[in-house]
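Chemist: Before we start, here is the structure in question, set down as C-alpha cells.
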Amino acid sequence: MSSVITISKLAKHYQVPEREGGLKAAVTSLFKRKYRTVKAVDGISFNIEPGEVVGFLGPNGAGKTTTLKMLSGLLHPTSGEVSVMGYEPRHRSHDYLRQITLVMGNRNQLTWDLPALDSFDLQRAIYGIPVDQFKRTRDEFIELLELKDLVNKPVRNLSLGERMKMEFVVALLHRPKVLFLDEPTIGLDVTMQRRIRTFVAEYNRRYNATVLLTSHYMADVEALCKRVIVIHHGRLLFDGDLSTLVRQFSSYKTLSLTLPNPEVDLVKYGEVISREDGRVTLRVPKAQTSQVTARLLSDFQVDDLTVEDAPVDDVIDQVFSQKEEA
Amino acid sequence: MNLFKIAWTYLRIGVMNELQYRVNFFIQILQSVIAVATGLIGLSLVFGQVDNLSGWSRPELLAVMGVHILMGGVIRSAIQPNMERLMNDVLNGTLDFALTKPADAQTLVSVREFRFWQLTDVLVGLVILVIAVIQLQTKMYALQIVAFLAALILGGIMLYCVWLMVTSIAFWVIRVGDIVDLFQGLFAAGRWPISVYPDWLRTGMTFLVPVAFAVTMPAEAVTNRLTSESMLFAFGLTLLFMLLARGVWLLGLRSYSGASA
Amino acid sequence: MRRYVEYFLATARISILSQIQYRVANYFYMIGMIAEPVIYLVVWSTIAKQLGGVVGGYTAGAFAAYYIVWTLVRNMNIVFTPFGWENRIREGELSMSLMRPVHPIISDIAYFSGWKVVVIILWIPIAIFLAWIFKPTIEFTVLKAIVFFIAIWGAFLIRTMLLSLLGMITFWTTRVSAIFDLYFALELILSGRLVPMTLMPAWVQNLSNYLPFKYTFFFPIDALVGNMSTNELWMGIGMQIFWITLGASLLSLVWRVAIKQFSAVGG
C-alpha cells in the first residue's frame, strides 16, 4: 500500500534582506539592498503511512512549521517533491483541501463575538458537509471534549483552553483524513493538554486519520507518537521510534535507589541529582550502568533500585547540542 | 452554488453579530447626518457663486451627492471591512486558514465581513437621491431606474475590483495599512461628476480609479444623461477590471506561497 | 532641560529611521491625501473659468498655489489621532508609557517632529509634480518664506494640542466617533481646509478669527501665497503662539484629571 505522505529532498530557501542599524545604513538601503539566503528546509525526505501519528520535533526555527506549510499547500517548495494522498499540495485543489485540516496553536479561525455553534455552521457551509453527517460529527466531538455548556457562549468569553478545544472541533468537522497540527497545545495548562491529546488519539483511532504533529512539549510526543522525526537547521536528524531515539542519543541513564542511610556520599558512583524522602537519584554514564549497579548492590543494603532511560527532553537537548557542534 | 451558500452564511453571521450592538445605529445616523451637512455646505458654497457647475444644476449635483453617499455605504459595509481583514491576515499569517479551505480563496476573503450598520449611509443616500429627483421634477421611466440599478451594480463591482487590486499589494509590500486613507481620498473624487474634471484628468480617473465612473454613471442615469454607449463601455470596463483583479489576486497568492516568479 | 533635548533628538531619530522603512505606506498615504485638495482645486478652477477667470479674488493659478501649499500644511498638521488614544488605553500602551519619565504627549510631539522631517522630504517631488500640472501663480518673498516655515510648525503644535484634548475624551467614554466627526466637520469649514476663508460668508470669517482652526490651515497657507502685510504676518504668528499656549495649559489641566480617572479605574 502506498504512503499517504511522501517527501523527497524537499527544500525551502528564503531571501532575507540584511541591514545594519543607524541612519547611514537606513538611507543606503534605499538604494542598494543586501540579501542573504536562509535555508529554512534543506533537503529532507520521509514517507508516512496511513493512520500513523508522527511527531515532528525541533527547536524554534528548525523548519517544522515551514515543512507543515509545504504539506498543506500554503508554501511552494524551492525544490524537491511532496505528495499527500497523491495530490501535489501546492495546487491546493478543492478535493485535496476537503480531506486535510490545519490546526495552529495560538491562532483562531473561530468568529470572535459569536458562539462556537455559529462557526460550526459556517464550516459546514464551506465544506459542504451533509446535514446529518455534520450533526452527528459535531455532537460526537462536543461529547468527547465535554463542550456542551460552552458551545453557546461567545468565543471571546472562553478561556484559552476552551477555545483550543473549539478550534479542534471546527477543524475536524469535515472528518479530514490528514491532520497537520502545528503546536496545538502551546500555552495550555497540563489538564487541557491531556484532554486535547486524548481527543486526537481518539480521532485517529476512530477514523484512521494520519496525523503530523509539531510540538515543543515532549509530553505531546510521548503520549501520541510512536514515530518521531527530528529536524534541526532544516535537516533531518532522526526518523524512527521514540525509544530508538532515546537509546541512540542518550549518553546516560538514571538510577533511583532507596537506601537506609540516604545521606551517604555517593560521589564515587555517579552524579547525584536529588535526594528526597530517602530516595536518591543518580546520573550514570550509560556504559557504566551495570558496573555501578553491581557495586551499589554489593556496597550497600539497597531496598529498592530502578534503572531508567534519560528523560526524553534531555535527550532531545543533547541531540541538538551535539549537532550544533557538528 | 456552494459559494453563494457560503456568502449567505457569512452575511447571516455578520448581521447577527452586529445586531448585538444597537447603539451603533444611532452613532451611524449621527455620522451620516454630519457628512450630509458638510456636503450641503460645500454645495451652497459652490452655488453661492454660480448656478451650474459644468452644466450640472443644483438638484443634479444633489443627486450625485446622494449616489456618492450611497456608494460610500456599500463600500464601508461590504468592501472595506473585507479588504482590511485581508490586509491584516496577510500581515499576521492568518490568511492560511482561508487558503486551506476547499472554496475559492478570493471569494472567501471578499465575503467574510459585513458591517450591517453602515447600511444607514445607503439609506441616507437614497433619501437624498429621492429628494434630488423630486426637485428635478422630471418623470422617471422604468428603463431609467433599471439603468440606474445596473450602473450601481457595475460601479460597485468596479470599486470592489480596484480595492482588491490595491489590497493585494500587501502580498508584496507587507505594510500597506494606509490603503484606507488612499481610498477615502480617491473615493472623495466621486463627490463631483466627472465632467467637472479636465479631460486629461478624466481619462486617468476612469481607468486608474473608476470611482468617478461608479458614482457619476448612476447619477447620469437618474438625471437622464446616460447613453447606451456609456452603459456598454461601463459593462466592458467592469469585465476588464474583474479579469485584472483576479489576475492580480492570483499573482499575489503565488507570491505569498513563495512560488517562483 | 538637556535631558529633554537629548530625548527629543533620540525619539525624532528613531522616528526618521522607522518612517524611512515605511516609505511605501507613507507615499500611499500622501497620494491619497492629495486627492482632497486636488478635487477642491479642480472644482474651484472650473467655477473660476465659468465666471471669467476669477472667483472671490482668486484666479485658477491662485487656487493652484493655495491648494498645493495646502498639501504641505496638511502633512504638517497631521498629528496623533484622537481615535488612537482609545487604542492606547485599551492595548495597555498607555500604562507602559506612563512608566517612563517623559510625558506621553511630549513623546508624541518628538516622534511626529522626526516624522515631519521625512514627510517634508517626501513631499518635494509631489509638489513639483503638482506644480507642473496645475501651474500655480505665487509671489515669493524671503519674509513670507520665513513666516511660512515658522507657521507650519505652529500649525503642527496647535493641532497637537487640539487633537490631544479631543483624545482625552476617550478616558471617559469609548463611544466617541460621532463627537470626533463633528469636530472634524467644524474644522473643515472653519480652518480654510475646504476653501480659502475669504470665500466663506462674512459671518463665518468673523467667527473663525476667534477660533484656533484658522491657524492650522488658512494662516500658514495664506502667509506664503497671499498678500498679508508684515504686521499681519507677525500678528498671525503671535496668534499661533497664543493658541498653543492656551491649548497646552488646558491640556495639562485636563490631563491631570484624566490620569486620575485612569489610575482609579485601572488600565
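Identifiers for the C-alpha cells are assigned positionally: chains receive A, B, ... in sequence, residues are indexed from 1 per chain, and ligands are indexed from 1 in the order shown.
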Tell me, counting only C-alpha atoms, for each residue of chain C within 9 Å of chain B, which pair of atoms is nearest and how far apart they are in Å to one decimal, in rows ordered by chain and increasing number, as JSON lines.
Modeler:
{"residue": "C:Tyr22", "atom": "CA", "partner": "B:Arg175", "partner_atom": "CA", "distance": 7.3}
{"residue": "C:Val24", "atom": "CA", "partner": "B:Val176", "partner_atom": "CA", "distance": 7.5}
{"residue": "C:Ala25", "atom": "CA", "partner": "B:Val176", "partner_atom": "CA", "distance": 5.3}
{"residue": "C:Asn26", "atom": "CA", "partner": "B:Asp178", "partner_atom": "CA", "distance": 7.7}
{"residue": "C:Phe28", "atom": "CA", "partner": "B:Leu182", "partner_atom": "CA", "distance": 6.1}
{"residue": "C:Tyr29", "atom": "CA", "partner": "B:Asp178", "partner_atom": "CA", "distance": 5.5}
{"residue": "C:Met30", "atom": "CA", "partner": "B:Leu182", "partner_atom": "CA", "distance": 7.8}
{"residue": "C:Ile31", "atom": "CA", "partner": "B:Leu182", "partner_atom": "CA", "distance": 6.6}
{"residue": "C:Gly32", "atom": "CA", "partner": "B:Leu182", "partner_atom": "CA", "distance": 3.6}
{"residue": "C:Met33", "atom": "CA", "partner": "B:Gly185", "partner_atom": "CA", "distance": 5.7}
{"residue": "C:Ile34", "atom": "CA", "partner": "B:Gly185", "partner_atom": "CA", "distance": 7.4}
{"residue": "C:Ala35", "atom": "CA", "partner": "B:Gly185", "partner_atom": "CA", "distance": 5.2}
{"residue": "C:Glu36", "atom": "CA", "partner": "B:Gly185", "partner_atom": "CA", "distance": 5.8}
{"residue": "C:Val38", "atom": "CA", "partner": "B:Ala189", "partner_atom": "CA", "distance": 8.7}
{"residue": "C:Ile39", "atom": "CA", "partner": "B:Ala189", "partner_atom": "CA", "distance": 6.0}
{"residue": "C:Val42", "atom": "CA", "partner": "B:Tyr197", "partner_atom": "CA", "distance": 6.2}
{"residue": "C:Val43", "atom": "CA", "partner": "B:Val196", "partner_atom": "CA", "distance": 6.5}
{"residue": "C:Trp44", "atom": "CA", "partner": "B:Val46", "partner_atom": "CA", "distance": 8.1}
{"residue": "C:Thr46", "atom": "CA", "partner": "B:Val196", "partner_atom": "CA", "distance": 6.8}
{"residue": "C:Ile47", "atom": "CA", "partner": "B:Leu53", "partner_atom": "CA", "distance": 6.8}
{"residue": "C:Gln50", "atom": "CA", "partner": "B:Val50", "partner_atom": "CA", "distance": 7.9}
{"residue": "C:Leu51", "atom": "CA", "partner": "B:Val50", "partner_atom": "CA", "distance": 7.6}
{"residue": "C:Val55", "atom": "CA", "partner": "B:Gln49", "partner_atom": "CA", "distance": 7.7}
{"residue": "C:Gly56", "atom": "CA", "partner": "B:Gln49", "partner_atom": "CA", "distance": 8.8}
{"residue": "C:Arg175", "atom": "CA", "partner": "B:Ile27", "partner_atom": "CA", "distance": 8.3}
{"residue": "C:Val176", "atom": "CA", "partner": "B:Ile27", "partner_atom": "CA", "distance": 8.9}
{"residue": "C:Ser177", "atom": "CA", "partner": "B:Ile27", "partner_atom": "CA", "distance": 7.7}
{"residue": "C:Ala178", "atom": "CA", "partner": "B:Gln31", "partner_atom": "CA", "distance": 5.6}
{"residue": "C:Ile179", "atom": "CA", "partner": "B:Gln31", "partner_atom": "CA", "distance": 8.8}
{"residue": "C:Asp181", "atom": "CA", "partner": "B:Gln31", "partner_atom": "CA", "distance": 6.6}
{"residue": "C:Leu182", "atom": "CA", "partner": "B:Ile34", "partner_atom": "CA", "distance": 6.5}
{"residue": "C:Ala185", "atom": "CA", "partner": "B:Thr38", "partner_atom": "CA", "distance": 6.5}
{"residue": "C:Leu186", "atom": "CA", "partner": "B:Thr38", "partner_atom": "CA", "distance": 8.7}
{"residue": "C:Leu188", "atom": "CA", "partner": "B:Thr38", "partner_atom": "CA", "distance": 8.4}
{"residue": "C:Ile189", "atom": "CA", "partner": "B:Thr38", "partner_atom": "CA", "distance": 8.1}
{"residue": "C:Leu194", "atom": "CA", "partner": "B:Gly42", "partner_atom": "CA", "distance": 8.1}
{"residue": "C:Leu199", "atom": "CA", "partner": "B:Leu45", "partner_atom": "CA", "distance": 8.1}
{"residue": "C:Met200", "atom": "CA", "partner": "B:Leu45", "partner_atom": "CA", "distance": 7.4}
{"residue": "C:Pro201", "atom": "CA", "partner": "B:Leu45", "partner_atom": "CA", "distance": 8.7}
Chemist: Would you give me, as CSV, each residue of chain A having an atom within 7 Å of an atom of chain B, along with its shortest atom pair and that distance in Å to one decimal, using only C-alpha atoms and sorting by chain and residue number?
Modeler:
residue,atom,partner,partner_atom,distance
A:Leu74,CA,B:Ser257,CA,5.5
A:Leu75,CA,B:Ser257,CA,4.1
A:His76,CA,B:Ala259,CA,5.0
A:His94,CA,B:Pro102,CA,4.3
A:Asp95,CA,B:Pro102,CA,7.0
A:Leu97,CA,B:Pro102,CA,5.0
A:Arg98,CA,B:Pro102,CA,5.5
A:Gln109,CA,B:Phe97,CA,6.7
A:Asp113,CA,B:Asn17,CA,6.7
A:Leu114,CA,B:Asn17,CA,6.6
A:Leu122,CA,B:Thr9,CA,6.2
A:Ala125,CA,B:Ile6,CA,5.5
A:Ile126,CA,B:Ile6,CA,5.8
A:Tyr127,CA,B:Pro102,CA,6.4
Chemist: List every residue of stretch 17-265 of chain C that DSSP, applied to the backbone of this structure, assigns to strand (DSSP E), and report them as number ranges by chain.
Modeler: C: 54-55, 58-59
Chemist: Name all residues at most 7 Å from C:Gly167 (count only C-alpha atoms; drop same-chain ones fewer than 3 positions away) and give them as a short mmCIF file (atom, residue, chain, number, x, y, z; two decimals) with N, CA and C atoms, in the first residue's frame.
Modeler:
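The result, stored in around30.cif:
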data_model
loop_
_atom_site.label_atom_id
_atom_site.label_comp_id
_atom_site.auth_asym_id
_atom_site.auth_seq_id
_atom_site.Cartn_x
_atom_site.Cartn_y
_atom_site.Cartn_z
N PRO C 82 -7.09 61.37 17.62
CA PRO C 82 -7.80 61.16 18.89
C PRO C 82 -8.32 59.73 19.01
N PHE C 83 -8.62 59.10 17.87
CA PHE C 83 -9.07 57.70 17.93
C PHE C 83 -7.97 56.82 18.52
N TRP C 85 -6.05 57.36 20.96
CA TRP C 85 -5.99 57.30 22.42
C TRP C 85 -6.79 56.12 22.96
N LEU C 163 -6.07 68.09 19.12
CA LEU C 163 -6.46 66.70 18.98
C LEU C 163 -6.09 65.86 20.21
N SER C 164 -5.07 66.29 20.94
CA SER C 164 -4.79 65.60 22.20
C SER C 164 -5.93 65.84 23.17
N THR C 170 -11.56 60.08 25.39
CA THR C 170 -11.62 58.63 25.44
C THR C 170 -11.31 58.07 26.81
#
Chemist: Work out how far atom CA of B:Ala151 is from atom CA of B:Trp56, in Å to one decimal.
Modeler: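 Interatomic distance, atom CA of B:Trp56 to atom CA of B:Ala151: 19.0 Å.
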Chemist: Could you tell me how far atom CA of A:Asp139 lies from atom CA of B:Ala105, in Å and to one decimal?
Modeler: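 Going from atom CA of A:Asp139 over to atom CA of B:Ala105 covers 28.5 Å.
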Chemist: Kindly give the distance, in Å, that separates atom CA of B:Asp121 and atom CA of B:Leu70, rounded to a single decimal.
Modeler: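 A separation of 5.6 Å between them.
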Chemist: Set the distance at 6 Å and use only C-alpha atoms: which residues neighbour stretch 217-233 of chain A once local chain neighbours fewer than 3 positions away are removed? I'd like the list as a list in words.
Modeler: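 Contacts, in chain order: Val53, Val54, Gly55, Phe56, Leu57, Gly58, Ala62, Leu236, Leu237, Phe238, Asp239, Gly240, Asp241 and Leu242 of chain A.
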Chemist: Can you write out the residues you just picked, keeping C-alpha atoms, as an mmCIF file, in the first residue's frame?
Modeler:
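Writing done, so here's part_10.cif:
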data_model
loop_
_atom_site.group_PDB
_atom_site.id
_atom_site.type_symbol
_atom_site.label_atom_id
_atom_site.label_comp_id
_atom_site.auth_asym_id
_atom_site.auth_seq_id
_atom_site.Cartn_x
_atom_site.Cartn_y
_atom_site.Cartn_z
ATOM 1 C CA VAL A 53 0.723 9.652 14.224
ATOM 2 C CA VAL A 54 4.107 11.230 13.679
ATOM 3 C CA GLY A 55 5.783 13.766 15.925
ATOM 4 C CA PHE A 56 7.835 16.483 14.346
ATOM 5 C CA LEU A 57 10.417 17.742 16.775
ATOM 6 C CA GLY A 58 12.884 20.547 16.614
ATOM 7 C CA ALA A 62 14.224 24.355 12.724
ATOM 8 C CA LEU A 236 16.546 15.631 9.131
ATOM 9 C CA LEU A 237 18.441 14.399 12.186
ATOM 10 C CA PHE A 238 16.435 11.353 13.083
ATOM 11 C CA ASP A 239 13.448 9.400 11.820
ATOM 12 C CA GLY A 240 12.248 6.431 13.795
ATOM 13 C CA ASP A 241 10.790 5.182 17.048
ATOM 14 C CA LEU A 242 10.926 7.400 20.052
#
Chemist: What are the residues of chain C that have an atom within 9 Å of an atom of chain A, counting only C-alpha atoms, as a list of chain:residue names?
Modeler: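 Applying the cut-off to the listed atoms yields C:Arg13, C:Ile14, C:Ile16, C:Leu17, C:Ile20, C:Gln21.
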Chemist: Extract, using only C-alpha atoms, all DNA, RNA and protein residues at most 8 Å from A:Pro17, discarding same-chain residues fewer than 5 positions from it, and format them as a VMD selection string.
Modeler: chain A and resid 33 to 36
Chemist: Keeping N, CA and C atoms, export the residues of the selection given above as a PDB file, in the first residue's frame.
Modeler:
ATOM      1  N   ARG A  33      20.112  47.021  -1.860  1.00  0.00           N
ATOM      2  CA  ARG A  33      19.629  46.047  -0.891  1.00  0.00           C
ATOM      3  C   ARG A  33      20.556  44.843  -0.846  1.00  0.00           C
ATOM      4  N   LYS A  34      20.885  44.453   0.397  1.00  0.00           N
ATOM      5  CA  LYS A  34      21.715  43.240   0.513  1.00  0.00           C
ATOM      6  C   LYS A  34      20.836  42.084   0.952  1.00  0.00           C
ATOM      7  N   TYR A  35      21.024  40.940   0.329  1.00  0.00           N
ATOM      8  CA  TYR A  35      20.208  39.783   0.686  1.00  0.00           C
ATOM      9  C   TYR A  35      21.073  38.620   1.146  1.00  0.00           C
ATOM     10  N   ARG A  36      20.432  37.774   1.934  1.00  0.00           N
ATOM     11  CA  ARG A  36      21.123  36.595   2.451  1.00  0.00           C
ATOM     12  C   ARG A  36      20.162  35.439   2.291  1.00  0.00           C
TER      13      ARG A  36
END
Chemist: Could you give me, as an MDAnalysis selection string, each residue of stretch 7-140 of chain C that DSSP assigns to helix (DSSP H, G or I) when run on this structure's backbone?
Modeler: chainID C and resid 7:21 23:50 60:77 82:90 93:98 104:134
Chemist: Residues as selected, C-alpha atoms, written as a CSV table (one decimal), in the first residue's frame, can you do that?
Modeler:
chain,number,residue,atom,x,y,z
C,7,TYR,CA,15.3,62.6,24.5
C,8,PHE,CA,13.7,64.7,21.8
C,9,LEU,CA,16.5,64.1,19.3
C,10,ALA,CA,16.7,60.4,20.1
C,11,THR,CA,13.0,59.9,19.5
C,12,ALA,CA,13.0,62.0,16.4
C,13,ARG,CA,15.9,59.9,15.1
C,14,ILE,CA,14.0,56.7,15.7
C,15,SER,CA,11.0,58.2,14.0
C,16,ILE,CA,13.0,59.1,11.0
C,17,LEU,CA,14.5,55.7,10.7
C,18,SER,CA,11.2,53.9,11.1
C,19,GLN,CA,9.4,56.2,8.6
C,20,ILE,CA,12.0,55.6,6.0
C,21,GLN,CA,11.2,51.9,6.4
C,23,ARG,CA,8.2,54.9,2.9
C,24,VAL,CA,5.8,53.0,0.7
C,25,ALA,CA,3.0,53.3,3.3
C,26,ASN,CA,3.9,57.0,3.7
C,27,TYR,CA,3.7,57.6,-0.1
C,28,PHE,CA,0.3,55.8,-0.3
C,29,TYR,CA,-0.9,58.0,2.4
C,30,MET,CA,0.3,61.1,0.8
C,31,ILE,CA,-1.1,60.2,-2.6
C,32,GLY,CA,-4.5,59.5,-1.1
C,33,MET,CA,-4.2,62.8,0.8
C,34,ILE,CA,-3.6,65.0,-2.2
C,35,ALA,CA,-6.8,63.8,-3.8
C,36,GLU,CA,-8.7,66.0,-1.4
C,37,PRO,CA,-7.1,69.3,-2.3
C,38,VAL,CA,-6.9,68.4,-6.0
C,39,ILE,CA,-10.6,67.9,-6.0
C,40,TYR,CA,-11.2,71.2,-4.4
C,41,LEU,CA,-8.8,72.8,-6.8
C,42,VAL,CA,-10.5,71.4,-9.8
C,43,VAL,CA,-13.9,72.4,-8.7
C,44,TRP,CA,-12.9,75.9,-7.9
C,45,SER,CA,-10.9,76.3,-11.1
C,46,THR,CA,-13.9,75.2,-13.0
C,47,ILE,CA,-16.0,77.8,-11.2
C,48,ALA,CA,-13.4,80.5,-11.8
C,49,LYS,CA,-13.4,79.6,-15.5
C,50,GLN,CA,-17.1,79.8,-15.7
C,60,ALA,CA,-7.1,79.5,-11.2
C,61,GLY,CA,-3.4,80.0,-10.7
C,62,ALA,CA,-4.0,81.4,-7.2
C,63,PHE,CA,-6.2,78.4,-6.3
C,64,ALA,CA,-3.5,76.1,-7.6
C,65,ALA,CA,-1.0,77.9,-5.3
C,66,TYR,CA,-3.3,77.7,-2.4
C,67,TYR,CA,-4.1,74.0,-2.7
C,68,ILE,CA,-0.6,72.9,-3.5
C,69,VAL,CA,0.8,74.7,-0.4
C,70,TRP,CA,-2.2,73.2,1.3
C,71,THR,CA,-0.7,69.7,0.8
C,72,LEU,CA,2.4,70.6,2.8
C,73,VAL,CA,0.5,72.3,5.5
C,74,ARG,CA,-1.8,69.3,5.7
C,75,ASN,CA,1.1,67.0,6.1
C,76,MET,CA,2.5,69.2,8.8
C,77,ASN,CA,-0.7,69.4,10.8
C,82,PRO,CA,-7.8,61.2,18.9
C,83,PHE,CA,-9.1,57.7,17.9
C,84,GLY,CA,-5.6,56.4,18.8
C,85,TRP,CA,-6.0,57.3,22.4
C,86,GLU,CA,-8.7,54.7,22.7
C,87,ASN,CA,-6.4,52.1,21.4
C,88,ARG,CA,-3.6,53.2,23.6
C,89,ILE,CA,-5.7,52.8,26.7
C,90,ARG,CA,-7.1,49.5,25.6
C,93,GLU,CA,0.3,51.1,25.8
C,94,LEU,CA,-0.7,54.0,27.9
C,95,SER,CA,0.2,52.2,31.1
C,96,MET,CA,3.6,51.3,29.7
C,97,SER,CA,4.3,54.9,28.6
C,98,LEU,CA,3.2,56.3,31.9
C,104,PRO,CA,3.5,60.8,26.6
C,105,ILE,CA,2.4,63.8,24.7
C,106,ILE,CA,5.9,65.2,24.7
C,107,SER,CA,6.9,61.9,23.3
C,108,ASP,CA,4.3,62.2,20.6
C,109,ILE,CA,5.5,65.6,19.7
C,110,ALA,CA,9.1,64.4,19.4
C,111,TYR,CA,8.1,61.4,17.3
C,112,PHE,CA,5.9,63.3,15.0
C,113,SER,CA,8.5,66.0,14.6
C,114,GLY,CA,11.0,63.5,13.3
C,115,TRP,CA,8.3,62.1,11.1
C,116,LYS,CA,7.6,65.6,9.7
C,117,VAL,CA,11.2,65.8,8.5
C,118,VAL,CA,10.7,62.7,6.4
C,119,VAL,CA,7.4,63.9,5.2
C,120,ILE,CA,8.8,67.3,4.1
C,121,ILE,CA,11.4,65.5,2.0
C,122,LEU,CA,8.9,63.0,0.5
C,123,TRP,CA,6.6,65.9,-0.3
C,124,ILE,CA,9.0,67.8,-2.5
C,125,PRO,CA,8.6,65.6,-5.6
C,126,ILE,CA,4.9,65.6,-5.1
C,127,ALA,CA,4.8,69.4,-5.0
C,128,ILE,CA,7.0,69.6,-8.1
C,129,PHE,CA,4.6,67.2,-9.9
C,130,LEU,CA,1.5,69.2,-8.9
C,131,ALA,CA,3.1,72.5,-9.8
C,132,TRP,CA,4.0,71.1,-13.2
C,133,ILE,CA,0.4,70.1,-13.8
C,134,PHE,CA,-1.6,72.9,-12.2
Chemist: I want to know what sits within 12 Å of A:Glu167, based on only C-alpha atoms, with residues of the same chain fewer than 2 positions away left out; could you give that as a count of residues only?
Modeler: 40
Chemist: Would you pick out the contacts of B:Pro210 at 12 Å or less, using only C-alpha atoms, so that residues sharing its chain but fewer than 2 positions from it are not included, and give the list as number ranges by chain?
Modeler: B: 154-163, 183, 186-190, 194, 202-208, 212-217, 234, 237-238, 240-241
